[in-house]
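Here the structure is laid out as structure tokens; the discussion comes afterwards.
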Amino acid sequence: AASATRDYLQGERLRSVRILADAPAVQAALQVLGSPAFATVDGARAVRIGGQPGLQKYDAVRRSGRITLVVAQRTLVTVEGVDVTAEQLLALAESVGLAGLARLSP
């Protein structure tokens with residue numbers, strides 16, 4: 001398994017991007033995404049960003065959330081933010097370069 005993490009801090013705003021490849025967590029995430037009823041039980045909603053499936057969970061009261069994507073069925077990308085809007089979180093996920101990650105897959 002290979003992983004990378006990048007944290008961004010602007011005042012009180014914390015944003016984090018984690019990429020995990022070829023790990024058991026990727027297969028677990030695929031199973032959750034394959035079962036929409038299970039995936040949305042904790043308030044998450046299904047999303048598709050850059051053609052990749054994922055889940056977005058956002059708490060408007062706390063202004064925090066997480067987007068989890070599975071890229072090319074082998075890489076897990078997690079984007080988290082504190083003191084952000086849902087749109088800012090989505091924009092961060094879109095900026096990751098998912099097409100490039102997908103091309104890295106065998």
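Note on naming: chains are A, B, ... as they come in the structure tokens, residues start from 1 per chain, ligands start from 1 in the order shown.
Every protein, DNA or RNA residue with an atom at most 12 Å from Val47 (chain A), where only C-alpha atoms count and chain neighbours fewer than 3 positions away do not, is listed here: Leu33, Pro36, Ala39, Thr40, Ala44, Gly50, Gly51, Gln52, Pro53, Gly54, Leu55, Gln56, Lys57, Arg66, Ile67, Thr68, Leu69, Val70, Leu90, Ala93 and Glu94 of chain A.
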>> Using DSSP assignments from the backbone, pull out every residue in chain A that falls under strand (DSSP E or B) and give it to me as a ChimeraX atom specification.
In response: /A:2-10,13-21,45-49,52-59,64-71,75-82
>> When you count only C-alpha atoms, which of these residues is closest to Gly100 (chain A): A:Val79, A:Ala86, A:Leu20, A:Val71?
In response: A:Val71
> Neighbours of Ser16 (chain A) within 7 Å (only C-alpha atoms; same-chain residues fewer than 3 positions away dropped), as a ChimeraX atom specification?
Replying inline: /A:6-8,79-81
>> If DSSP is run on the backbone, what residues of region 2-62 of chain A are alpha helix (DSSP H)? A reply as a ChimeraX atom specification would be ideal.
In response: /A:24-33,36-39
>> So the first atom is CA of Val32 (chain A) and the second is CA of Val96 (chain A); what is the distance between them in Å, to one decimal place?
In response: 22.0 Å
